[in-house]
Structure formats: C-alpha cells, structure tokens
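A.B. asks: Sending over coords17.txt (compact mmCIF, C-alpha atoms).
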```txt
# COMPACT_ATOMS: atom_id res chain seq x y z
CA MET A 1 0.00 0.00 0.00
CA GLN A 2 1.96 2.96 -1.26
CA PHE A 3 2.22 5.54 -4.00
CA SER A 4 5.19 7.32 -5.55
CA VAL A 5 5.57 10.43 -7.64
CA SER A 6 8.57 11.19 -9.83
CA LEU A 7 9.57 14.01 -12.15
CA PRO A 8 9.78 13.36 -15.88
CA GLU A 9 13.23 12.58 -17.30
CA TRP A 10 13.52 15.87 -19.17
CA ALA A 11 12.97 17.79 -15.92
CA GLU A 12 15.53 15.76 -13.98
CA LYS A 13 18.05 16.45 -16.73
CA GLU A 14 17.32 20.19 -16.81
CA LEU A 15 17.58 20.42 -13.03
CA GLU A 16 21.04 18.85 -12.93
CA THR A 17 22.61 22.10 -14.09
CA MET A 18 20.06 24.44 -12.47
CA HIS A 19 20.04 23.16 -8.88
CA GLY A 20 21.99 25.49 -6.58
CA GLN A 21 22.23 28.28 -9.15
CA ILE A 22 21.32 31.83 -8.10
CA TYR A 23 18.25 33.51 -9.64
CA GLU A 24 18.41 37.09 -8.44
CA THR A 25 15.17 38.86 -9.37
CA LEU A 26 11.62 37.53 -9.13
CA GLU A 27 11.49 37.62 -12.92
CA ASP A 28 14.66 35.49 -13.04
CA ARG A 29 12.95 33.01 -10.72
CA MET A 30 9.65 32.93 -12.62
CA LYS A 31 11.22 32.46 -16.05
CA PRO A 32 12.37 28.82 -15.62
CA VAL A 33 9.08 28.00 -13.88
CA ILE A 34 7.09 29.19 -16.89
CA ARG A 35 9.50 27.31 -19.16
CA PHE A 36 8.85 24.10 -17.20
CA SER A 37 5.06 24.69 -17.37
CA ARG A 38 5.35 24.77 -21.16
CA LEU A 39 7.78 21.87 -21.51
CA ASN A 40 5.55 19.74 -19.30
CA PHE A 41 2.55 19.78 -21.59
CA GLU A 42 4.65 19.78 -24.76
CA HIS A 43 6.34 16.56 -23.59
CA ASP A 44 2.95 15.11 -22.57
CA THR A 45 4.25 14.59 -19.04
CA GLY A 46 1.47 16.54 -17.28
CA GLY A 47 -0.60 19.73 -17.30
CA PRO A 48 0.77 23.24 -17.98
CA PHE A 49 1.83 23.95 -14.41
CA ALA A 50 5.14 24.21 -12.60
CA ALA A 51 6.40 25.49 -9.26
CA GLY A 52 9.89 26.33 -8.07
CA ILE A 53 11.25 26.54 -4.55
CA TYR A 54 14.05 29.04 -4.01
CA GLU A 55 15.83 30.43 -0.97
CA ARG A 56 13.94 33.69 -0.60
CA ASP A 57 16.86 35.93 0.32
CA THR A 58 19.54 34.58 -2.06
CA GLY A 59 17.51 33.21 -4.97
CA LYS A 60 19.32 29.86 -4.78
CA LEU A 61 17.21 27.21 -6.52
CA LEU A 62 16.26 24.11 -4.58
CA VAL A 63 13.92 22.40 -7.05
CA ILE A 64 11.31 22.94 -9.75
CA GLY A 65 8.47 20.43 -10.01
CA VAL A 66 5.63 20.00 -12.47
CA ASN A 67 2.06 18.74 -12.57
CA ARG A 68 1.96 14.91 -12.75
CA VAL A 69 -1.77 14.15 -12.35
CA VAL A 70 -2.38 12.04 -15.44
CA PRO A 71 0.95 10.14 -15.72
CA MET A 72 0.99 9.28 -11.98
CA ASN A 73 -2.77 8.58 -11.68
CA MET A 74 -2.94 10.99 -8.77
CA SER A 75 -5.34 13.93 -8.67
CA SER A 76 -3.30 15.64 -5.93
CA ALA A 77 -0.08 15.60 -7.97
CA HIS A 78 -0.44 19.28 -8.87
CA ALA A 79 2.81 21.17 -9.42
CA GLU A 80 2.80 22.81 -5.97
CA VAL A 81 2.16 19.59 -4.01
CA VAL A 82 4.78 17.74 -6.08
CA THR A 83 7.38 20.48 -5.63
CA ILE A 84 6.78 20.99 -1.91
CA SER A 85 6.98 17.22 -1.36
CA LEU A 86 10.19 16.89 -3.39
CA ALA A 87 11.77 19.78 -1.46
CA GLN A 88 10.76 18.26 1.89
CA ASN A 89 12.11 14.90 0.79
CA MET A 90 15.43 16.50 -0.24
CA LEU A 91 15.77 18.32 3.09
CA LYS A 92 14.34 15.43 5.16
CA THR A 93 11.77 17.60 6.92
CA PHE A 94 8.01 18.08 6.76
CA ASP A 95 8.49 21.80 7.50
CA LEU A 96 10.42 24.07 5.14
CA GLY A 97 10.00 26.75 7.82
CA GLY A 98 11.70 24.71 10.51
CA LYS A 99 14.45 25.88 12.84
CA GLY A 100 17.80 26.57 11.22
CA LEU A 101 16.51 26.61 7.65
CA PRO A 102 16.71 29.62 5.32
CA ALA A 103 13.37 31.20 4.38
CA TYR A 104 11.93 29.44 1.32
CA GLN A 105 9.88 31.00 -1.45
CA MET A 106 7.58 29.18 -3.86
CA VAL A 107 7.23 30.60 -7.38
CA VAL A 108 4.25 29.35 -9.41
CA ASN A 109 3.02 30.05 -12.93
CA TRP A 110 -0.46 31.01 -11.62
CA ARG A 111 -2.43 31.35 -8.42
CA PRO A 112 -2.65 27.93 -6.71
CA CYS A 113 -5.95 26.05 -6.95
CA ALA A 114 -8.06 25.52 -3.81
CA MET A 115 -6.06 22.43 -2.77
CA CYS A 116 -2.60 23.83 -3.45
CA TYR A 117 -3.60 27.07 -1.74
CA GLY A 118 -4.36 25.05 1.39
CA ALA A 119 -1.04 23.20 1.03
CA VAL A 120 0.93 26.47 1.25
CA PRO A 121 0.56 27.14 5.00
CA TRP A 122 1.45 23.50 5.86
CA SER A 123 4.59 23.52 3.72
CA GLY A 124 6.60 25.98 5.79
CA ILE A 125 7.34 28.35 2.90
CA ARG A 126 7.40 32.03 3.84
CA SER A 127 6.80 33.66 0.48
CA LEU A 128 4.60 32.97 -2.55
CA VAL A 129 5.23 34.53 -5.96
CA ILE A 130 2.68 34.04 -8.75
CA ALA A 131 2.43 35.11 -12.37
CA GLY A 132 -1.24 36.05 -11.99
CA SER A 133 -4.49 35.32 -10.21
CA GLY A 134 -7.25 36.29 -12.62
CA ASN A 135 -9.81 34.23 -14.54
CA GLU A 136 -7.51 33.78 -17.52
CA LEU A 137 -6.38 30.30 -16.45
CA GLU A 138 -9.92 28.93 -16.09
CA GLU A 139 -11.24 30.75 -19.14
CA LEU A 140 -8.44 29.80 -21.50
CA THR A 141 -7.85 26.20 -20.44
CA GLY A 142 -11.12 24.95 -18.91
CA PHE A 143 -9.41 23.80 -15.69
CA ASP A 144 -11.60 24.25 -12.61
CA GLU A 145 -9.58 25.96 -9.87
CA GLY A 146 -12.04 25.05 -7.12
CA PRO A 147 -13.52 27.01 -4.23
CA ILE A 148 -10.75 29.51 -3.47
CA HIS A 149 -11.14 31.43 -0.21
CA PRO A 150 -12.48 34.95 -0.98
CA ASP A 151 -9.72 36.51 1.17
CA TRP A 152 -7.03 34.11 -0.01
CA LYS A 153 -4.22 36.65 0.05
CA THR A 154 -4.98 38.15 3.46
CA GLU A 155 -5.35 34.68 4.96
CA LEU A 156 -1.83 33.75 3.82
CA GLU A 157 -0.38 37.05 5.02
CA LYS A 158 -2.02 36.49 8.42
CA ARG A 159 0.04 33.31 8.62
CA GLY A 160 3.30 35.10 7.85
CA ILE A 161 3.46 34.22 4.15
CA ASP A 162 4.00 37.19 1.83
CA VAL A 163 2.38 37.15 -1.61
CA THR A 164 3.64 38.83 -4.80
CA GLU A 165 1.45 38.81 -7.93
CA ASN A 166 1.83 39.56 -11.64
CA ILE A 167 5.39 38.49 -12.31
CA LEU A 168 5.72 37.73 -16.06
CA ASN A 169 1.93 37.64 -16.31
CA GLU A 170 1.71 37.76 -20.10
CA GLU A 171 4.31 34.99 -20.57
CA ALA A 172 2.33 32.71 -18.23
CA ILE A 173 -0.94 33.39 -20.06
CA GLN A 174 0.68 32.59 -23.39
CA VAL A 175 1.42 29.06 -22.14
CA PHE A 176 -2.28 28.60 -21.28
CA ARG A 177 -3.25 29.84 -24.73
CA ASP A 178 -0.87 27.39 -26.35
CA PHE A 179 -2.08 24.56 -24.12
CA ALA A 180 -5.69 25.29 -25.08
CA ALA A 181 -4.80 25.37 -28.77
CA SER A 182 -3.10 21.97 -28.45
CA ASP A 183 -6.41 20.33 -27.52
CA ARG A 184 -4.95 18.18 -24.72
CA LEU A 185 -6.91 16.53 -21.89
CA VAL A 186 -8.35 18.80 -19.18
CA TYR A 187 -8.33 16.39 -16.23
CA ASN A 188 -11.01 17.85 -13.94
CA GLY A 189 -12.61 15.34 -11.56
CA ARG A 190 -15.81 13.30 -12.17
CA LEU A 191 -15.27 13.02 -15.92
CA GLY A 192 -17.85 10.21 -15.87
CA ASP A 193 -20.53 12.91 -15.58
CA GLU A 194 -19.82 14.23 -19.04
CA ASP A 195 -21.85 11.59 -20.88
CA MET B 1 13.75 13.10 -7.89
CA GLN B 2 10.79 11.37 -6.36
CA PHE B 3 8.82 10.83 -3.18
CA SER B 4 6.82 7.88 -1.88
CA VAL B 5 4.19 7.48 0.79
CA SER B 6 3.31 4.17 2.43
CA LEU B 7 0.88 3.08 5.13
CA PRO B 8 2.23 1.85 8.45
CA GLU B 9 2.56 -1.93 8.89
CA TRP B 10 -0.26 -2.16 11.42
CA ALA B 11 -2.66 -0.53 8.93
CA GLU B 12 -1.64 -2.83 6.07
CA LYS B 13 -2.26 -5.80 8.32
CA GLU B 14 -5.68 -4.55 9.47
CA LEU B 15 -6.72 -3.81 5.89
CA GLU B 16 -5.95 -7.35 4.70
CA THR B 17 -9.16 -8.64 6.28
CA MET B 18 -11.19 -5.43 5.85
CA HIS B 19 -10.72 -4.72 2.14
CA GLY B 20 -13.82 -5.64 0.15
CA GLN B 21 -16.01 -6.08 3.24
CA ILE B 22 -19.43 -4.39 3.31
CA TYR B 23 -20.07 -1.59 5.83
CA GLU B 24 -23.79 -0.89 5.57
CA THR B 25 -24.61 2.25 7.54
CA LEU B 26 -22.66 5.49 7.71
CA GLU B 27 -21.92 4.68 11.35
CA ASP B 28 -20.53 1.29 10.28
CA ARG B 29 -18.28 3.13 7.82
CA MET B 30 -17.13 5.78 10.29
CA LYS B 31 -16.29 3.36 13.07
CA PRO B 32 -13.13 1.81 11.53
CA VAL B 33 -12.02 5.27 10.35
CA ILE B 34 -12.14 6.58 13.91
CA ARG B 35 -10.37 3.43 15.10
CA PHE B 36 -7.56 4.06 12.57
CA SER B 37 -7.30 7.72 13.66
CA ARG B 38 -6.66 6.51 17.22
CA LEU B 39 -4.32 3.65 16.31
CA ASN B 40 -2.27 6.02 14.16
CA PHE B 41 -1.22 8.33 16.94
CA GLU B 42 -0.99 5.53 19.51
CA HIS B 43 1.49 3.70 17.24
CA ASP B 44 3.36 6.98 16.61
CA THR B 45 2.87 6.54 12.89
CA GLY B 46 1.20 9.93 12.29
CA GLY B 47 -1.41 12.40 13.53
CA PRO B 48 -4.90 11.46 14.77
CA PHE B 49 -6.55 11.45 11.34
CA ALA B 50 -7.85 8.77 9.01
CA ALA B 51 -10.04 8.59 5.91
CA GLY B 52 -11.80 5.70 4.27
CA ILE B 53 -13.02 5.29 0.72
CA TYR B 54 -16.10 3.13 0.24
CA GLU B 55 -18.42 2.41 -2.65
CA ARG B 56 -21.23 4.82 -1.80
CA ASP B 57 -24.17 2.61 -2.71
CA THR B 58 -22.95 -0.76 -1.36
CA GLY B 59 -20.62 0.23 1.49
CA LYS B 60 -17.83 -1.97 0.10
CA LEU B 61 -14.50 -0.80 1.52
CA LEU B 62 -11.73 0.11 -0.90
CA VAL B 63 -9.10 1.48 1.49
CA ILE B 64 -8.52 3.38 4.73
CA GLY B 65 -5.48 5.64 4.94
CA VAL B 66 -3.96 7.69 7.74
CA ASN B 67 -1.99 10.86 8.26
CA ARG B 68 1.72 10.34 7.51
CA VAL B 69 3.15 13.89 7.69
CA VAL B 70 5.92 13.37 10.21
CA PRO B 71 7.10 9.83 9.31
CA MET B 72 7.15 10.60 5.56
CA ASN B 73 8.55 14.15 5.87
CA MET B 74 5.67 15.42 3.76
CA SER B 75 3.34 18.20 4.90
CA SER B 76 0.72 17.19 2.31
CA ALA B 77 0.50 13.60 3.58
CA HIS B 78 -2.76 14.29 5.41
CA ALA B 79 -5.14 11.33 5.72
CA GLU B 80 -7.41 12.45 2.87
CA VAL B 81 -4.60 13.05 0.35
CA VAL B 82 -2.95 9.75 1.31
CA THR B 83 -6.20 7.80 1.03
CA ILE B 84 -7.33 9.37 -2.25
CA SER B 85 -3.88 8.74 -3.74
CA LEU B 86 -3.82 5.11 -2.58
CA ALA B 87 -7.31 4.54 -4.00
CA GLN B 88 -6.35 6.10 -7.35
CA ASN B 89 -3.18 4.01 -7.42
CA MET B 90 -5.19 0.82 -6.72
CA LEU B 91 -7.68 1.62 -9.50
CA LYS B 92 -5.05 3.06 -11.88
CA THR B 93 -6.96 6.29 -12.48
CA PHE B 94 -6.60 9.92 -11.43
CA ASP B 95 -10.41 10.22 -11.31
CA LEU B 96 -12.49 8.13 -8.90
CA GLY B 97 -15.53 9.60 -10.67
CA GLY B 98 -14.50 8.33 -14.08
CA LYS B 99 -16.65 6.46 -16.57
CA GLY B 100 -17.70 2.96 -15.57
CA LEU B 101 -16.71 3.34 -11.91
CA PRO B 102 -19.15 3.02 -8.99
CA ALA B 103 -19.77 6.22 -7.00
CA TYR B 104 -17.16 6.55 -4.26
CA GLN B 105 -17.64 8.06 -0.83
CA MET B 106 -14.92 9.38 1.48
CA VAL B 107 -15.48 9.05 5.23
CA VAL B 108 -13.24 11.22 7.45
CA ASN B 109 -12.94 11.62 11.22
CA TRP B 110 -13.41 15.42 10.95
CA ARG B 111 -13.98 18.16 8.39
CA PRO B 112 -11.02 18.26 5.98
CA CYS B 113 -8.48 21.07 6.41
CA ALA B 114 -8.19 23.78 3.75
CA MET B 115 -5.86 21.66 1.59
CA CYS B 116 -7.78 18.40 1.86
CA TYR B 117 -11.02 20.27 1.25
CA GLY B 118 -9.59 21.47 -2.04
CA ALA B 119 -8.43 17.93 -2.85
CA VAL B 120 -12.00 16.59 -2.67
CA PRO B 121 -13.35 18.01 -5.97
CA TRP B 122 -10.24 16.80 -7.87
CA SER B 123 -10.46 13.26 -6.49
CA GLY B 124 -13.66 12.24 -8.26
CA ILE B 125 -15.48 11.17 -5.07
CA ARG B 126 -19.20 11.92 -5.04
CA SER B 127 -19.94 11.91 -1.34
CA LEU B 128 -18.20 13.15 1.80
CA VAL B 129 -19.12 11.94 5.29
CA ILE B 130 -17.54 13.60 8.32
CA ALA B 131 -17.76 13.10 12.07
CA GLY B 132 -18.00 16.85 12.71
CA SER B 133 -16.99 20.29 11.51
CA GLY B 134 -16.84 22.47 14.60
CA ASN B 135 -13.93 24.13 16.42
CA GLU B 136 -13.36 21.11 18.66
CA LEU B 137 -10.49 19.77 16.55
CA GLU B 138 -8.52 23.02 16.58
CA GLU B 139 -9.36 23.81 20.20
CA LEU B 140 -8.54 20.40 21.63
CA THR B 141 -5.44 19.54 19.59
CA GLY B 142 -3.88 22.85 18.52
CA PHE B 143 -3.82 21.84 14.84
CA ASP B 144 -4.42 24.76 12.48
CA GLU B 145 -7.05 23.79 9.89
CA GLY B 146 -6.23 26.69 7.58
CA PRO B 147 -8.40 29.14 5.65
CA ILE B 148 -11.52 27.07 4.97
CA HIS B 149 -13.94 28.54 2.45
CA PRO B 150 -16.87 30.18 4.33
CA ASP B 151 -19.39 28.32 2.12
CA TRP B 152 -17.40 25.09 2.09
CA LYS B 153 -20.42 22.79 2.09
CA THR B 154 -22.41 24.61 -0.61
CA GLU B 155 -19.32 24.79 -2.82
CA LEU B 156 -18.93 21.00 -2.69
CA GLU B 157 -22.63 20.42 -3.30
CA LYS B 158 -22.45 22.76 -6.32
CA ARG B 159 -19.89 20.36 -7.74
CA GLY B 160 -22.12 17.31 -7.23
CA ILE B 161 -20.54 16.10 -3.99
CA ASP B 162 -23.02 15.46 -1.17
CA VAL B 163 -21.94 16.15 2.42
CA THR B 164 -23.15 14.41 5.59
CA GLU B 165 -22.03 15.71 9.00
CA ASN B 166 -22.06 14.54 12.61
CA ILE B 167 -21.62 10.80 12.24
CA LEU B 168 -20.19 9.43 15.53
CA ASN B 169 -19.28 12.98 16.55
CA GLU B 170 -18.54 12.26 20.20
CA GLU B 171 -16.34 9.23 19.42
CA ALA B 172 -14.23 11.35 17.05
CA ILE B 173 -13.85 14.13 19.61
CA GLN B 174 -12.71 11.63 22.26
CA VAL B 175 -9.75 10.70 20.02
CA PHE B 176 -8.72 14.38 19.84
CA ARG B 177 -9.00 14.63 23.63
CA ASP B 178 -6.80 11.58 24.07
CA PHE B 179 -4.30 12.85 21.48
CA ALA B 180 -4.06 16.19 23.32
CA ALA B 181 -3.56 14.43 26.65
CA SER B 182 -0.72 12.35 25.14
CA ASP B 183 1.35 15.50 24.53
CA ARG B 184 2.53 14.47 21.06
CA LEU B 185 3.92 16.79 18.36
CA VAL B 186 1.48 19.18 16.68
CA TYR B 187 3.17 19.54 13.27
CA ASN B 188 1.86 22.88 12.03
CA GLY B 189 4.10 24.63 9.48
CA ARG B 190 6.83 27.22 10.21
CA LEU B 191 7.77 25.71 13.56
CA GLY B 192 10.99 27.77 13.34
CA ASP B 193 8.90 30.82 14.30
CA GLU B 194 8.21 29.46 17.76
CA ASP B 195 11.54 30.54 19.26
```
Here is the file; what I need is its structure written in the form of structure tokens.

C.D. replies:
Amino acid sequence: MQFSVSLPEWAEKELETMHGQIYETLEDRMKPVIRFSRLNFEHDTGGPFAAGIYERDTGKLLVIGVNRVVPMNMSSAHAEVVTISLAQNMLKTFDLGGKGLPAYQMVVNWRPCAMCYGAVPWSGIRSLVIAGSGNELEELTGFDEGPIHPDWKTELEKRGIDVTENILNEEAIQVFRDFAASDRLVYNGRLGDED
Amino acid sequence: MQFSVSLPEWAEKELETMHGQIYETLEDRMKPVIRFSRLNFEHDTGGPFAAGIYERDTGKLLVIGVNRVVPMNMSSAHAEVVTISLAQNMLKTFDLGGKGLPAYQMVVNWRPCAMCYGAVPWSGIRSLVIAGSGNELEELTGFDEGPIHPDWKTELEKRGIDVTENILNEEAIQVFRDFAASDRLVYNGRLGDED
C-alpha cells in the first residue's frame, strides 16, 4: 500500500545544471518555472503547471516540479504539491520553515488552486510569488480551480506568508493559450458525468 | 527526484481482512475510520486522522489511509490526500468519478483542512461523510485547519458532492482529547517561528 511520484526525465536532466544556481530577481525566478510549465505539456508529461522553490533571500534554486496528475494517476499531484513534497524529501523535513533553515519562497506560474492554496501554510514556505491570479487560467484552459477562499491573500499574510502577484503575467498566459490550442486533456474530476 | 508514501505496517495488516467487506450504515463506515485515527497516533505513525473510501451505494471498503506527515517528511501527507492517492493508485486512475466506476464516498474523522477540502473536488469522489466540523479539533489539539472557504459545504454540493455531517461525533472528539492528553507533536508549518 503505497504511491510514488517522480519528475519526468527531461525535468531531472534540466535540473542537474540548475540546482543550486542563483536567480536574483523575481522575474529570473519565474522564467524557468514558466518554461517548465510549457515543456511539461509539450512533452505530454502533465498539465501546464510548474512550481519552483528558491531560498527567498539569495535566490538559490532548490527544485522545480511539475504537474503529474495524469501520468501518476494521482489527482493531488499538482505542481505545488509535487514540488513541496520533493523539497521536503530532499531536506528530510516536513516543515520548510523549521528551525535553522533559510526562508523558502515558492514561485508558481499562476495562483494555486483551492487544494494547493491550502497546502501552502502547511509547507513551511514564507513567500509565494505568482504570475497572476485572474480568470484567464480557467477561461483559456477549462481547468476548474475550485472554491478559493475569498480573502485568499490576506489569509496567507495572516500566517506570515507574503504574496507577490503579476510576475511575467503575459508569458504565463501565453502558455495557457498554447495549451488550449493543443487540444490536450483537461483532467477535472468526475469526468464520468460528461456523458 | 521522487517521493513515496506508504501506510504503516499495522494498517496494512488490518486492511488485509477489511478490504472488500461491506459496511452498511454510515456509522458502520465511520467506526473503523475513527479506530484508525486513534491507532495512528498511539502507534506513533502519524497524527490522529484517518479517511476511508467506500463504494457509496454498497458500502464496500476500498481502502482506509492515515496521516503520515511526520514519518514521511511530507506536509501534504494528510489522511485524505494519502487515502485518495492510494485509492487512485489501486484503480489506476486519477479520477475516482471516471466512466464505468461506482460512486465513491470518502469518510473522514473530521472536516477536511483547507488543503484536503480542495483535494475533494479533484479526487472524483461523489460523497463526503464527516464526524464533525466544529472548532473542537482546533481547540482540543492545537492543529491549524487553515483558511476554509466560508461556504465550504455549498461549494462541494455545487460540484455534485453530497456532504453528511455529525456521524459518531462524540467518538471522534474523544480521540482528539486523548491525542491532546498524550502531549505528542502538533506539526503545524513554520515551527521555526516558535523561538
């Protein structure tokens, strides 16, 4: 009784040279995340979503993960859950905000869905950077983002997690446009209802 | 680059004789879930949380999973995420509501936290049964449940997932009382802040 989640080969290979590199600005940090979101659907290794975990104050990259729902048969294998879990596995801790650790920042190519939003406060990260938070994702791709808390940003800030929006917004949206044009599977739940 | 989550040995052993058995009433279905929530903290194999997935219309048990955050070093390894992922792995699908599948029901020993709540619509389950949804969990144990959507129940029902509350409420609360009295670790995120 177990389950496992792995990154696709292309991502492992890319990360070999990226891990430990410094990405100074928030744009520098978002750029490879958006690139991974595109590569992931182009390689048919998951949906158009990626998340990176960096040391907040230095920009040192720990890991970038991608959505793995369909290949892993796991509806919770969204980019943020995958990336947080990989980072915790690398550091051998369930809390990226534990004693003695640098502050970690998660950089995502859109606002997290309802589940991934809830995963943020448990992860121990202290900073969230997103490319956007508007309706574009749902409208362009057809993905349901779920019941997001109406005060999502304030609720994170209350818990000591700062939020920065609209980093490379247009670049992120272009990936959703291209995903939609590619006519790939939109893996919302309860697909059996669509008869 | 991967992570794996497994059930504790005692749970695997228990499930050998339980898998495929029929649990007729909602109380019958909740009872083993509450038992697992207690056994999990008593065995020091995770927090006091468990979730079971049953066929909604027959009560046939697919699997019961438990919280594995601390032993697996994974903040997302809450009982619901673990159980949904195990069920999807057993059935080789990311969607428990896919074509040709019976309707599945998840039975949990309290209202899901913000993350697990968001995981419900992605899982494909069509019914959620909980022992309670009040402040007792947070007040008795100290676990933060996160920013739950104010209309959490309506939002699930809008998505075709029915919700039943207050099944064996007092039995579930007694486990939280006993967990609190045992003085075990409450693994909220950002524990480094508590200096």

A.B. asks: Find the residues of chain B that sit at most 7 Å from chain A; for each, write down the nearest two atoms and how far apart they are in Å, to one decimal. Count all atoms listed in the file. Sort by chain, then by number going up, and give it as CSV.

C.D. replies:
```
residue,atom,partner,partner_atom,distance
B:Met1,CA,A:Ser6,CA,5.9
B:Gln2,CA,A:Ser6,CA,4.1
B:Phe3,CA,A:Val5,CA,5.5
B:Ser4,CA,A:Ser4,CA,4.1
B:Val5,CA,A:Gln2,CA,5.4
B:Ser6,CA,A:Gln2,CA,4.1
B:Leu7,CA,A:Met1,CA,6.0
B:Glu12,CA,A:Met1,CA,6.9
B:Val69,CA,A:Phe94,CA,6.5
B:Val70,CA,A:Phe94,CA,6.2
B:Asn73,CA,A:Phe94,CA,4.1
B:Met74,CA,A:Phe94,CA,4.6
B:Ser75,CA,A:Phe94,CA,5.0
B:Ser76,CA,A:Ala119,CA,6.4
B:Val81,CA,A:Ser76,CA,6.9
B:Ser85,CA,A:Met74,CA,5.6
B:Leu86,CA,A:Phe3,CA,6.2
B:Gln88,CA,A:Met74,CA,6.1
B:Asn89,CA,A:Asn73,CA,6.3
B:Lys92,CA,A:Asn73,CA,6.0
B:Thr93,CA,A:Asn73,CA,4.8
B:Phe94,CA,A:Asn73,CA,4.1
B:Asp95,CA,A:Gly189,CA,5.6
B:Leu96,CA,A:Arg190,CA,7.0
B:Gly97,CA,A:Arg190,CA,4.0
B:Gly98,CA,A:Gly192,CA,4.2
B:Lys99,CA,A:Gly192,CA,4.0
B:Ala114,CA,A:Gly118,CA,4.7
B:Met115,CA,A:Gly118,CA,3.7
B:Cys116,CA,A:Met115,CA,6.4
B:Tyr117,CA,A:Met115,CA,6.7
B:Gly118,CA,A:Met115,CA,3.7
B:Ala119,CA,A:Met115,CA,5.1
B:Pro121,CA,A:Gly189,CA,6.2
B:Trp122,CA,A:Gly189,CA,4.6
B:Ser123,CA,A:Ser75,CA,5.6
B:Gly124,CA,A:Arg190,CA,4.6
B:Gly146,CA,A:Gly118,CA,6.7
B:Pro147,CA,A:Glu155,CA,6.4
B:Ile148,CA,A:His149,CA,6.8
B:His149,CA,A:His149,CA,4.8
B:Glu155,CA,A:Pro147,CA,6.4
B:Asn188,CA,A:Trp122,CA,6.2
B:Gly189,CA,A:Trp122,CA,4.6
B:Arg190,CA,A:Gly97,CA,4.0
B:Leu191,CA,A:Gly98,CA,5.1
B:Gly192,CA,A:Lys99,CA,4.0
```

A.B. asks: Extract, using all atoms listed in the file, all DNA, RNA and protein residues at most 10 Å from range 32-47 of chain A, discarding same-chain residues fewer than 4 positions from it, and format them as a PyMOL selection string.

C.D. replies: chain A and resi 7-11+14+18+23+27-28+51-53+64-72+77-79+107-110+131+143+168-169+171-176+178-179+182+184-187

A.B. asks: Quick one: residues within 8 Å of Glu24 in chain A, only C-alpha atoms counted, chain neighbours fewer than 2 positions away excluded, as a list in words?

C.D. replies: Ile22, Leu26, Asp28, Arg29, Thr58 and Gly59 of chain A

A.B. asks: Quick one: distance from CA of Lys153 in chain B to CA of Gly132 in chain A in Å, one decimal?

C.D. replies: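 These two atoms are separated by 27.2 Å.
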
A.B. asks: Render range 153-164 of chain B from the structure in the preceding block as a file of N, CA and C atoms, as a tab-separated table (two decimals), in the first residue's frame.

C.D. replies:
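Below you can see selection11.tsv, which holds the result:
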```
chain	number	residue	atom	x	y	z
B	153	LYS	N	-19.49	23.88	2.37
B	153	LYS	CA	-20.42	22.79	2.09
B	153	LYS	C	-21.17	23.02	0.77
B	154	THR	N	-21.70	24.25	0.63
B	154	THR	CA	-22.41	24.61	-0.61
B	154	THR	C	-21.50	24.45	-1.83
B	155	GLU	N	-20.24	24.86	-1.68
B	155	GLU	CA	-19.32	24.79	-2.82
B	155	GLU	C	-19.09	23.34	-3.27
B	156	LEU	N	-19.07	22.41	-2.31
B	156	LEU	CA	-18.93	21.00	-2.69
B	156	LEU	C	-20.22	20.51	-3.36
B	157	GLU	N	-21.35	20.88	-2.77
B	157	GLU	CA	-22.63	20.42	-3.30
B	157	GLU	C	-22.85	20.95	-4.73
B	158	LYS	N	-22.39	22.19	-4.96
B	158	LYS	CA	-22.45	22.76	-6.32
B	158	LYS	C	-21.73	21.89	-7.34
B	159	ARG	N	-20.69	21.21	-6.86
B	159	ARG	CA	-19.89	20.36	-7.74
B	159	ARG	C	-20.35	18.89	-7.71
B	160	GLY	N	-21.56	18.67	-7.19
B	160	GLY	CA	-22.12	17.31	-7.23
B	160	GLY	C	-21.58	16.38	-6.17
B	161	ILE	N	-21.07	16.94	-5.08
B	161	ILE	CA	-20.54	16.10	-3.99
B	161	ILE	C	-21.42	16.31	-2.76
B	162	ASP	N	-22.14	15.28	-2.34
B	162	ASP	CA	-23.02	15.46	-1.17
B	162	ASP	C	-22.21	15.35	0.12
B	163	VAL	N	-22.67	16.07	1.15
B	163	VAL	CA	-21.94	16.15	2.42
B	163	VAL	C	-22.86	15.72	3.56
B	164	THR	N	-22.41	14.80	4.40
B	164	THR	CA	-23.15	14.41	5.59
B	164	THR	C	-22.26	14.63	6.82
```
